[in-house]
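Q: Sending over data-v8.cif (mmCIF, C-alpha atoms and all ligand atoms).
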```
data_query
#
loop_
_atom_site.group_PDB
_atom_site.id
_atom_site.type_symbol
_atom_site.label_atom_id
_atom_site.label_comp_id
_atom_site.auth_asym_id
_atom_site.auth_seq_id
_atom_site.Cartn_x
_atom_site.Cartn_y
_atom_site.Cartn_z
ATOM 1 C CA LEU A 1 128.640 66.791 135.347
ATOM 2 C CA GLY A 2 126.220 64.566 133.892
ATOM 3 C CA ARG A 3 126.500 61.893 131.356
ATOM 4 C CA TRP A 4 122.902 61.346 130.375
ATOM 5 C CA ILE A 5 121.162 63.826 132.627
ATOM 6 C CA GLY A 6 118.013 64.455 130.686
ATOM 7 C CA ALA A 7 118.939 62.280 127.732
ATOM 8 C CA ASP A 8 116.044 60.276 126.406
ATOM 9 C CA VAL A 9 117.177 56.889 127.661
ATOM 10 C CA HIS A 10 115.436 53.798 128.837
ATOM 11 C CA PRO A 11 116.320 52.216 132.142
ATOM 12 C CA ALA A 12 118.995 49.540 131.961
ATOM 13 C CA PRO A 13 118.520 46.270 133.907
ATOM 14 C CA ALA A 14 121.898 46.655 135.627
ATOM 15 C CA PRO A 15 124.288 49.449 136.667
ATOM 16 C CA THR A 16 125.752 51.412 133.759
ATOM 17 C CA THR A 17 128.917 52.597 135.570
ATOM 18 C CA ASP A 18 131.197 51.240 138.270
ATOM 19 C CA VAL A 19 130.584 54.096 140.712
ATOM 20 C CA PHE A 20 129.034 51.726 143.276
ATOM 21 C CA PRO A 21 130.289 48.221 144.073
ATOM 22 C CA ALA A 22 128.850 45.368 142.008
ATOM 23 C CA ALA A 23 126.367 43.030 143.714
ATOM 24 C CA ARG A 24 128.514 39.984 143.030
ATOM 25 C CA GLY A 25 130.436 37.440 145.049
ATOM 26 C CA ASP A 26 130.028 37.247 148.783
ATOM 27 C CA LEU A 27 127.284 39.701 149.691
ATOM 28 C CA THR A 28 127.187 38.896 153.394
ATOM 29 C CA ARG A 29 129.361 41.972 154.109
ATOM 30 C CA PHE A 30 126.397 44.149 153.109
ATOM 31 C CA GLU A 31 123.948 42.379 155.422
ATOM 32 C CA LEU A 32 122.577 43.988 158.560
ATOM 33 C CA THR A 33 123.466 42.673 161.999
ATOM 34 C CA PRO A 34 120.969 40.543 163.958
ATOM 35 C CA GLY A 35 120.451 43.574 166.245
ATOM 36 C CA GLU A 36 119.492 45.799 163.303
ATOM 37 C CA VAL A 37 117.073 43.176 161.969
ATOM 38 C CA GLU A 38 115.537 42.878 165.437
ATOM 39 C CA ARG A 39 115.036 46.656 165.656
ATOM 40 C CA PHE A 40 113.322 46.679 162.264
ATOM 41 C CA GLU A 41 111.006 43.855 163.279
ATOM 42 C CA ARG A 42 110.191 45.459 166.617
ATOM 43 C CA ASP A 43 109.785 49.106 165.531
ATOM 44 C CA GLY A 44 109.060 48.969 161.773
ATOM 45 C CA PHE A 45 112.243 50.899 160.954
ATOM 46 C CA VAL A 46 115.978 50.827 161.446
ATOM 47 C CA SER A 47 118.269 53.825 160.985
ATOM 48 C CA GLY A 48 121.913 54.864 160.895
ATOM 49 C CA LEU A 49 122.919 52.594 157.986
ATOM 50 C CA ASP A 50 126.025 53.788 156.109
ATOM 51 C CA VAL A 51 125.238 53.790 152.386
ATOM 52 C CA LEU A 52 127.084 56.612 150.584
ATOM 53 C CA ASP A 53 130.625 57.872 151.084
ATOM 54 C CA ALA A 54 131.401 61.606 151.048
ATOM 55 C CA ARG A 55 132.276 61.640 147.350
ATOM 56 C CA ALA A 56 128.981 59.986 146.362
ATOM 57 C CA VAL A 57 127.046 62.444 148.542
ATOM 58 C CA GLU A 58 128.789 65.381 146.830
ATOM 59 C CA GLU A 59 128.182 63.983 143.363
ATOM 60 C CA LEU A 60 124.516 63.166 144.011
ATOM 61 C CA ARG A 61 123.942 66.637 145.508
ATOM 62 C CA ALA A 62 125.477 68.232 142.403
ATOM 63 C CA ARG A 63 123.403 66.055 140.114
ATOM 64 C CA LEU A 64 120.249 66.779 142.076
ATOM 65 C CA GLY A 65 120.988 70.496 141.726
ATOM 66 C CA GLU A 66 121.192 70.028 137.972
ATOM 67 C CA LEU A 67 117.922 68.068 137.939
ATOM 68 C CA GLY A 68 116.279 70.827 139.981
ATOM 69 C CA ARG A 69 117.447 73.543 137.591
ATOM 70 C CA ARG A 70 116.233 71.572 134.597
ATOM 71 C CA LEU A 71 113.012 70.259 136.121
ATOM 72 C CA PRO A 72 110.650 72.107 133.737
ATOM 73 C CA GLU A 73 112.357 70.549 130.713
ATOM 74 C CA LEU A 74 112.849 67.106 132.341
ATOM 75 C CA ARG A 75 109.365 66.850 133.751
ATOM 76 C CA GLU A 76 107.980 64.856 130.836
ATOM 77 C CA GLN A 77 110.676 62.205 131.281
ATOM 78 C CA LEU A 78 110.044 61.691 135.003
ATOM 79 C CA TYR A 79 107.216 59.556 136.352
ATOM 80 C CA GLU A 80 105.699 62.409 138.271
ATOM 81 C CA VAL A 81 106.371 65.836 139.742
ATOM 82 C CA GLU A 82 104.109 66.468 142.739
ATOM 83 C CA HIS A 83 101.093 68.459 141.565
ATOM 84 C CA ALA A 84 100.654 70.214 144.893
ATOM 85 C CA TRP A 85 104.253 71.483 144.622
ATOM 86 C CA LEU A 86 103.695 72.748 141.085
ATOM 87 C CA ALA A 87 100.688 74.691 142.360
ATOM 88 C CA SER A 88 102.281 75.997 145.602
ATOM 89 C CA PRO A 89 106.087 75.656 145.524
ATOM 90 C CA ASP A 90 106.559 77.921 148.565
ATOM 91 C CA GLU A 91 104.282 75.828 150.757
ATOM 92 C CA VAL A 92 104.766 72.248 149.556
ATOM 93 C CA VAL A 93 107.911 70.091 149.662
ATOM 94 C CA LEU A 94 109.512 69.491 146.259
ATOM 95 C CA HIS A 95 108.784 65.828 145.556
ATOM 96 C CA PHE A 96 109.279 63.955 142.324
ATOM 97 C CA LEU A 97 109.541 60.374 141.080
ATOM 98 C CA GLY A 98 111.825 58.961 138.396
ATOM 99 C CA ALA A 99 115.252 60.634 138.745
ATOM 100 C CA TRP A 100 116.721 57.210 137.978
ATOM 101 C CA LEU A 101 115.367 57.565 134.404
ATOM 102 C CA VAL A 102 117.383 60.679 133.618
ATOM 103 C CA ASP A 103 120.609 60.520 135.615
ATOM 104 C CA GLU A 104 123.123 57.692 135.619
ATOM 105 C CA TRP A 105 124.196 58.014 139.266
ATOM 106 C CA PHE A 106 120.578 57.957 140.433
ATOM 107 C CA HIS A 107 120.090 54.998 138.099
ATOM 108 C CA ASP A 108 123.010 53.033 139.454
ATOM 109 C CA LEU A 109 122.156 53.761 143.077
ATOM 110 C CA VAL A 110 119.040 51.623 142.567
ATOM 111 C CA PHE A 111 121.325 48.572 142.216
ATOM 112 C CA HIS A 112 123.769 49.443 145.017
ATOM 113 C CA PRO A 113 124.267 46.362 147.238
ATOM 114 C CA ARG A 114 124.333 48.601 150.320
ATOM 115 C CA VAL A 115 120.713 49.312 149.394
ATOM 116 C CA THR A 116 119.495 46.044 147.908
ATOM 117 C CA VAL A 117 121.091 43.506 150.255
ATOM 118 C CA PRO A 118 119.644 44.949 153.510
ATOM 119 C CA LEU A 119 116.244 45.490 151.891
ATOM 120 C CA ALA A 120 115.986 41.926 150.564
ATOM 121 C CA GLN A 121 117.131 40.683 153.970
ATOM 122 C CA LEU A 122 114.507 42.697 155.886
ATOM 123 C CA LEU A 123 111.743 41.870 153.431
ATOM 124 C CA GLY A 124 112.696 38.200 153.521
ATOM 125 C CA ALA A 125 112.753 38.162 149.710
ATOM 126 C CA ARG A 126 115.057 35.976 147.662
ATOM 127 C CA ARG A 127 114.460 38.161 144.603
ATOM 128 C CA LEU A 128 114.068 41.899 145.034
ATOM 129 C CA ARG A 129 112.382 44.095 142.434
ATOM 130 C CA PHE A 130 112.672 47.875 142.056
ATOM 131 C CA TRP A 131 109.398 49.794 142.284
ATOM 132 C CA HIS A 132 110.392 53.475 141.989
ATOM 133 C CA ASP A 133 112.540 56.246 143.400
ATOM 134 C CA GLN A 134 111.558 59.571 144.939
ATOM 135 C CA VAL A 135 113.234 62.857 145.831
ATOM 136 C CA PHE A 136 112.095 64.899 148.845
ATOM 137 C CA TRP A 137 113.745 68.311 148.845
ATOM 138 C CA LYS A 138 113.101 71.007 151.429
ATOM 139 C CA PRO A 139 114.973 74.251 150.677
ATOM 140 C CA ALA A 140 116.405 76.289 153.590
ATOM 141 C CA GLY A 141 113.701 77.841 155.753
ATOM 142 C CA HIS A 142 110.930 76.256 153.683
ATOM 143 C CA ALA A 143 107.472 75.843 155.215
ATOM 144 C CA GLY A 144 106.655 72.483 153.593
ATOM 145 C CA VAL A 145 105.987 69.374 155.690
ATOM 146 C CA VAL A 146 105.454 65.723 154.811
ATOM 147 C CA PRO A 147 102.116 64.662 156.332
ATOM 148 C CA TRP A 148 102.021 61.466 158.428
ATOM 149 C CA HIS A 149 101.375 58.538 156.112
ATOM 150 C CA GLN A 150 101.950 54.862 155.355
ATOM 151 C CA ASP A 151 103.704 54.247 152.024
ATOM 152 C CA TYR A 152 101.422 51.400 150.983
ATOM 153 C CA SER A 153 98.381 53.693 151.076
ATOM 154 C CA TYR A 154 99.774 55.145 147.809
ATOM 155 C CA TRP A 155 100.621 51.754 146.325
ATOM 156 C CA THR A 156 97.474 49.618 146.501
ATOM 157 C CA ARG A 157 97.624 49.322 142.709
ATOM 158 C CA THR A 158 100.344 46.716 143.363
ATOM 159 C CA THR A 159 99.618 43.683 145.527
ATOM 160 C CA PRO A 160 100.179 42.072 147.973
ATOM 161 C CA ALA A 161 101.873 44.551 150.337
ATOM 162 C CA ARG A 162 105.393 43.160 150.158
ATOM 163 C CA HIS A 163 107.209 46.472 149.780
ATOM 164 C CA ILE A 164 110.034 48.186 151.597
ATOM 165 C CA THR A 165 111.666 51.622 151.538
ATOM 166 C CA MET A 166 115.123 53.059 152.060
ATOM 167 C CA PHE A 167 115.442 56.777 152.859
ATOM 168 C CA VAL A 168 118.940 58.049 151.976
ATOM 169 C CA ALA A 169 119.936 61.400 153.486
ATOM 170 C CA LEU A 170 121.916 63.806 151.298
ATOM 171 C CA ASP A 171 122.173 66.262 154.213
ATOM 172 C CA ASP A 172 122.597 65.739 157.942
ATOM 173 C CA MET A 173 119.091 65.382 159.372
ATOM 174 C CA SER A 174 117.602 66.257 162.727
ATOM 175 C CA ALA A 175 114.544 67.960 164.203
ATOM 176 C CA THR A 176 115.858 71.403 163.164
ATOM 177 C CA ASN A 177 115.761 70.767 159.443
ATOM 178 C CA GLY A 178 112.656 68.576 159.275
ATOM 179 C CA GLY A 179 114.340 65.182 159.453
ATOM 180 C CA LEU A 180 112.245 62.044 159.154
ATOM 181 C CA GLU A 181 110.116 60.837 162.089
ATOM 182 C CA TYR A 182 108.613 57.373 162.577
ATOM 183 C CA VAL A 183 105.847 56.036 164.797
ATOM 184 C CA PRO A 184 107.413 52.875 166.284
ATOM 185 C CA GLY A 185 105.180 49.804 166.110
ATOM 186 C CA SER A 186 102.798 51.301 163.522
ATOM 187 C CA HIS A 187 103.964 48.737 160.935
ATOM 188 C CA ARG A 188 101.531 46.362 162.689
ATOM 189 C CA TRP A 189 98.569 48.689 162.151
ATOM 190 C CA PRO A 190 96.122 47.998 159.344
ATOM 191 C CA LEU A 191 96.221 50.160 156.255
ATOM 192 C CA LEU A 192 94.976 53.697 156.948
ATOM 193 C CA PRO A 193 93.529 56.040 154.308
ATOM 194 C CA ARG A 194 95.815 57.860 151.905
ATOM 195 C CA VAL A 195 96.382 61.506 152.805
ATOM 196 C CA ASP A 196 96.895 64.531 150.594
ATOM 197 C CA PHE A 197 100.644 65.271 150.157
ATOM 198 C CA GLY A 198 100.088 69.026 149.977
ATOM 199 C CA GLY A 199 97.714 69.068 152.965
ATOM 200 C CA PRO A 200 98.258 69.581 156.701
ATOM 201 C CA ARG A 201 100.687 67.417 158.642
ATOM 202 C CA ARG A 202 98.118 65.816 160.951
ATOM 203 C CA GLN A 203 95.438 64.734 158.490
ATOM 204 C CA LEU A 204 95.870 61.128 159.573
ATOM 205 C CA ASP A 205 94.682 61.937 163.117
ATOM 206 C CA ALA A 206 91.072 61.865 161.983
ATOM 207 C CA HIS A 207 91.443 58.212 160.989
ATOM 208 C CA LEU A 208 93.250 56.851 164.058
ATOM 209 C CA ALA A 209 91.549 54.482 166.481
ATOM 210 C CA PRO A 210 91.856 55.409 170.177
ATOM 211 C CA GLU A 211 94.570 52.790 170.747
ATOM 212 C CA GLN A 212 96.532 54.111 167.751
ATOM 213 C CA ARG A 213 96.279 57.659 169.109
ATOM 214 C CA ALA A 214 97.562 56.420 172.456
ATOM 215 C CA ALA A 215 100.505 54.688 170.760
ATOM 216 C CA PHE A 216 101.353 57.661 168.516
ATOM 217 C CA THR A 217 104.732 58.596 169.984
ATOM 218 C CA PRO A 218 107.036 59.518 167.084
ATOM 219 C CA THR A 219 110.791 58.997 167.099
ATOM 220 C CA GLN A 220 112.989 61.618 165.454
ATOM 221 C CA VAL A 221 115.618 59.996 163.256
ATOM 222 C CA GLU A 222 119.051 61.617 163.242
ATOM 223 C CA LEU A 223 121.123 60.815 160.168
ATOM 224 C CA ARG A 224 124.394 62.057 158.779
ATOM 225 C CA ALA A 225 124.574 62.788 155.051
ATOM 226 C CA GLY A 226 125.132 59.456 153.312
ATOM 227 C CA GLN A 227 123.330 57.463 155.993
ATOM 228 C CA ALA A 228 119.960 55.824 155.535
ATOM 229 C CA SER A 229 116.974 54.484 157.369
ATOM 230 C CA VAL A 230 114.723 51.657 156.210
ATOM 231 C CA HIS A 231 111.004 51.352 156.883
ATOM 232 C CA HIS A 232 108.205 48.849 156.448
ATOM 233 C CA SER A 233 105.396 49.676 153.979
ATOM 234 C CA HIS A 234 102.928 50.289 156.850
ATOM 235 C CA THR A 235 105.167 52.279 159.224
ATOM 236 C CA VAL A 236 103.640 55.700 159.798
ATOM 237 C CA HIS A 237 106.158 58.454 159.083
ATOM 238 C CA GLY A 238 106.368 62.115 158.154
ATOM 239 C CA SER A 239 108.431 65.229 158.765
ATOM 240 C CA ALA A 240 108.227 68.848 159.882
ATOM 241 C CA ALA A 241 109.338 72.019 158.100
ATOM 242 C CA ASN A 242 112.988 72.831 157.496
ATOM 243 C CA ALA A 243 113.767 75.632 159.940
ATOM 244 C CA SER A 244 117.502 75.541 159.193
ATOM 245 C CA ASP A 245 119.529 77.722 156.838
ATOM 246 C CA GLY A 246 120.547 74.815 154.577
ATOM 247 C CA PRO A 247 118.688 72.458 152.248
ATOM 248 C CA ARG A 248 117.298 69.116 153.464
ATOM 249 C CA ARG A 249 117.446 66.617 150.593
ATOM 250 C CA ALA A 250 116.718 62.884 150.498
ATOM 251 C CA ILE A 251 116.618 60.151 147.898
ATOM 252 C CA VAL A 252 114.004 57.520 148.693
ATOM 253 C CA LEU A 253 114.197 54.087 147.071
ATOM 254 C CA ASN A 254 111.192 51.765 147.002
ATOM 255 C CA TYR A 255 111.289 48.032 146.286
ATOM 256 C CA MET A 256 108.990 45.018 146.385
ATOM 257 C CA ASP A 257 109.048 41.268 146.331
ATOM 258 C CA ALA A 258 109.695 39.999 142.783
ATOM 259 C CA ASP A 259 106.288 38.270 142.676
ATOM 260 C CA THR A 260 104.201 41.415 143.304
ATOM 261 C CA ARG A 261 101.168 41.710 140.994
ATOM 262 C CA SER A 262 99.445 44.581 139.266
ATOM 263 C CA ALA A 263 96.028 45.503 140.667
ATOM 264 C CA ASP A 264 95.220 48.077 138.010
ATOM 265 C CA ASP A 265 94.824 47.886 134.237
ATOM 266 C CA ALA A 266 96.147 51.446 133.833
ATOM 267 C CA PRO A 267 99.934 52.053 133.724
ATOM 268 C CA LEU A 268 101.342 51.831 137.267
ATOM 269 C CA LEU A 269 103.547 54.883 136.649
ATOM 270 C CA ALA A 270 103.365 57.510 133.893
ATOM 271 C CA GLY A 271 105.307 56.441 130.823
ATOM 272 C CA THR A 272 105.395 52.726 131.700
ATOM 273 C CA ALA A 273 103.578 49.990 129.789
ATOM 274 C CA ALA A 274 100.259 48.904 131.315
ATOM 275 C CA ILE A 275 100.387 45.576 133.160
ATOM 276 C CA PRO A 276 97.029 43.783 133.265
ATOM 277 C CA ARG A 277 95.468 43.286 136.670
ATOM 278 C CA GLY A 278 96.732 40.044 138.213
ATOM 279 C CA ALA A 279 99.898 39.873 136.076
ATOM 280 C CA ARG A 280 103.338 40.112 137.667
ATOM 281 C CA VAL A 281 104.810 43.628 137.822
ATOM 282 C CA GLU A 282 107.822 43.330 135.522
ATOM 283 C CA GLY A 283 109.492 44.918 132.511
ATOM 284 C CA PRO A 284 112.312 47.412 132.021
ATOM 285 C CA HIS A 285 110.982 49.887 134.587
ATOM 286 C CA PHE A 286 110.752 47.249 137.311
ATOM 287 C CA PRO A 287 114.051 45.339 137.183
ATOM 288 C CA ILE A 288 115.172 42.587 139.488
ATOM 289 C CA VAL A 289 117.969 44.271 141.433
ATOM 290 C CA LEU A 290 119.095 41.327 143.509
ATOM 291 C CA GLU A 291 118.715 37.584 143.343
ATOM 292 C CA ARG A 292 120.182 35.367 146.043
ATOM 293 C CA GLY A 293 120.311 31.594 146.187
HETATM 294 O O1 LIG A 301 111.347 63.300 153.229
HETATM 295 C C1 LIG A 301 110.468 63.011 154.043
HETATM 296 O O2 LIG A 301 110.383 63.566 155.119
HETATM 297 C C2 LIG A 301 109.468 61.922 153.736
HETATM 298 C C3 LIG A 301 110.067 60.689 153.179
HETATM 299 C C4 LIG A 301 109.084 59.589 152.960
HETATM 300 O O3 LIG A 301 107.911 59.751 152.968
HETATM 301 C C5 LIG A 301 109.610 58.236 152.752
HETATM 302 O O4 LIG A 301 110.830 58.010 152.912
HETATM 303 O O5 LIG A 301 108.829 57.317 152.430
#
```
How does this structure look as structure tokens?
Ligand SMILES: O=C(O)CCC(=O)C(=O)O

A:
Amino acid sequence: LGRWIGADVHPAPAPTTDVFPAARGDLTRFELTPGEVERFERDGFVSGLDVLDARAVEELRARLGELGRRLPELREQLYEVEHAWLASPDEVVLHFLGAWLVDEWFHDLVFHPRVTVPLAQLLGARRLRFWHDQVFWKPAGHAGVVPWHQDYSYWTRTTPARHITMFVALDDMSATNGGLEYVPGSHRWPLLPRVDFGGPRRQLDAHLAPEQRAAFTPTQVELRAGQASVHHSHTVHGSAANASDGPRRAIVLNYMDADTRSADDAPLLAGTAAIPRGARVEGPHFPIVLERG
């Protein structure tokens, strides 16, 4: 295991291994079908995309296990380990940002054309920029939930809202193990308040208008390990507890249009250089991952 797990490295602007295919040549084979694009535009998400083969799933699971074991020592090198989890690990889902900074497979996944090509296509972006990665890890029988939320409610320090997310399953996912759920059509709702990650699942209810309550009919996403779903920055989503006897692990990859601006003079993520308000979000932590003519 593990070239450069935990080594003090800086992110590279391109893949550092050849474990995933290079984003070169004819990329149309990685594009989604018109039907998939239509589903995304109609519902605010599309699921069942094949991203990782069985070997990559195995390797990423093993590497995630290593990251988990070494989390106390690696913590300073990550962007963030969820504070609510640190305080109540038996009640809150393990959630951290920045695995791509310490592990080369997580790093190279950020550039995988099976990730970047569909996301640029759905965002309608010629140049796609990486924002950050996340891990959501629910151990077997764990009580933690992910409260209903819209991603952009956590990202208003970058503007405008031209962001998109891919959720990559490292385990088969269904209702039993707290698989992801989406509220179809909620990508057209305005931005709702940010909720507390460690708080109850239904905090958002208090902020919904009557017509949003009426339209709140979640869809359970079923994924096999290695498959992914993609969602819009405003799509409401969340997940229940893992009632199964196995872990439920996901890698979440967040991107934005290359012209996104900073809306905060403080560093956008811990350990990154501050980008003045109004300036383009760029630099080694926010590489361009795809550029198409
Ligand atoms: O793992 C989960 O259930 C939540 C994932 C999530 O919030 C996301 O993909 O943006």

Q: One decimal, Å: what's the distance from CA of Thr272 in chain A over to CA of Leu78 in chain A, could you say?

A: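 Between these atoms lies a distance of 10.6 Å.
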
Q: Kindly work out which residues sit at most 10 Å from ligand LIG 301 (chain A), using only C-alpha atoms and all ligand atoms, and give the list as a PyMOL selection string.

A: chain A and resi 93-95+133-138+144-152+164-169+173+177-182+197+228-233+235-242+248-254

Q: Any chance you could work out the residue set of the PyMOL selection byres (((chain A and resi 41-52) around 7) and not hetatm) here, as a list in words?

A: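 Listing what the PyMOL selection byres (((chain A and resi 41-52) around 7) and not hetatm) selects in the shown file: Glu36, Val37, Glu38, Arg39, Phe40, Asp53, Ala54, Ala56, Val57, Arg114, Pro184, Gly185, Ser186, His187, Leu223, Gly226, Gln227, Ala228, Ser229, Val230, His231, His232 and Thr235 of chain A.
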
Q: Separation of CA of Phe20 in chain A and CA of Asp108 in chain A, in Å?

A: 7.3 Å

Q: Could you list, as a PyMOL selection string, every residue matched by the PyMOL selection byres (((chain A and resi 24-30) around 7) and not hetatm) in this structure?

A: chain A and resi 22-23+31-32+113-114+117-118

Q: Hey, what's within 10 Å of Val19 in chain A if we count all atoms listed in the file and toss same-chain stuff fewer than 4 positions away? As a PyMOL selection string, please?

A: chain A and resi 15+56+104-105+108-109+112

Q: With only C-alpha atoms as the atoms that count, which of A:Ala161, A:Ser262, A:Asp257, A:Ala99 lies nearest to Leu60 in chain A?

A: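 Closest candidate: A:Ala99.
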
Q: Give me, as a PyMOL selection string, all polymer residues having an atom no more than 12 Å from Pro276 in chain A, counting only C-alpha atoms and skipping those fewer than 3 positions away in the same chain.

A: chain A and resi 157-158+261-268+273+279-282

Q: Take CA of Ser244 in chain A and CA of Ala87 in chain A and report the distance between them in Å, one decimal.

A: 23.8 Å

Q: Calculated over all atoms listed in the file, which of the candidates A:Arg224, A:His234, A:Arg63, A:Arg126 has the smallest distance to Asp171 in chain A?

A: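 Going through A:Arg224, A:His234, A:Arg63, A:Arg126 one by one, the smallest distance to Asp171 in chain A is for A:Arg224.
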
Q: When you count all atoms listed in the file, which of these residues is closest to Glu66 in chain A: A:Trp4, A:Leu191, A:Phe111, A:Gly124?

A: A:Trp4
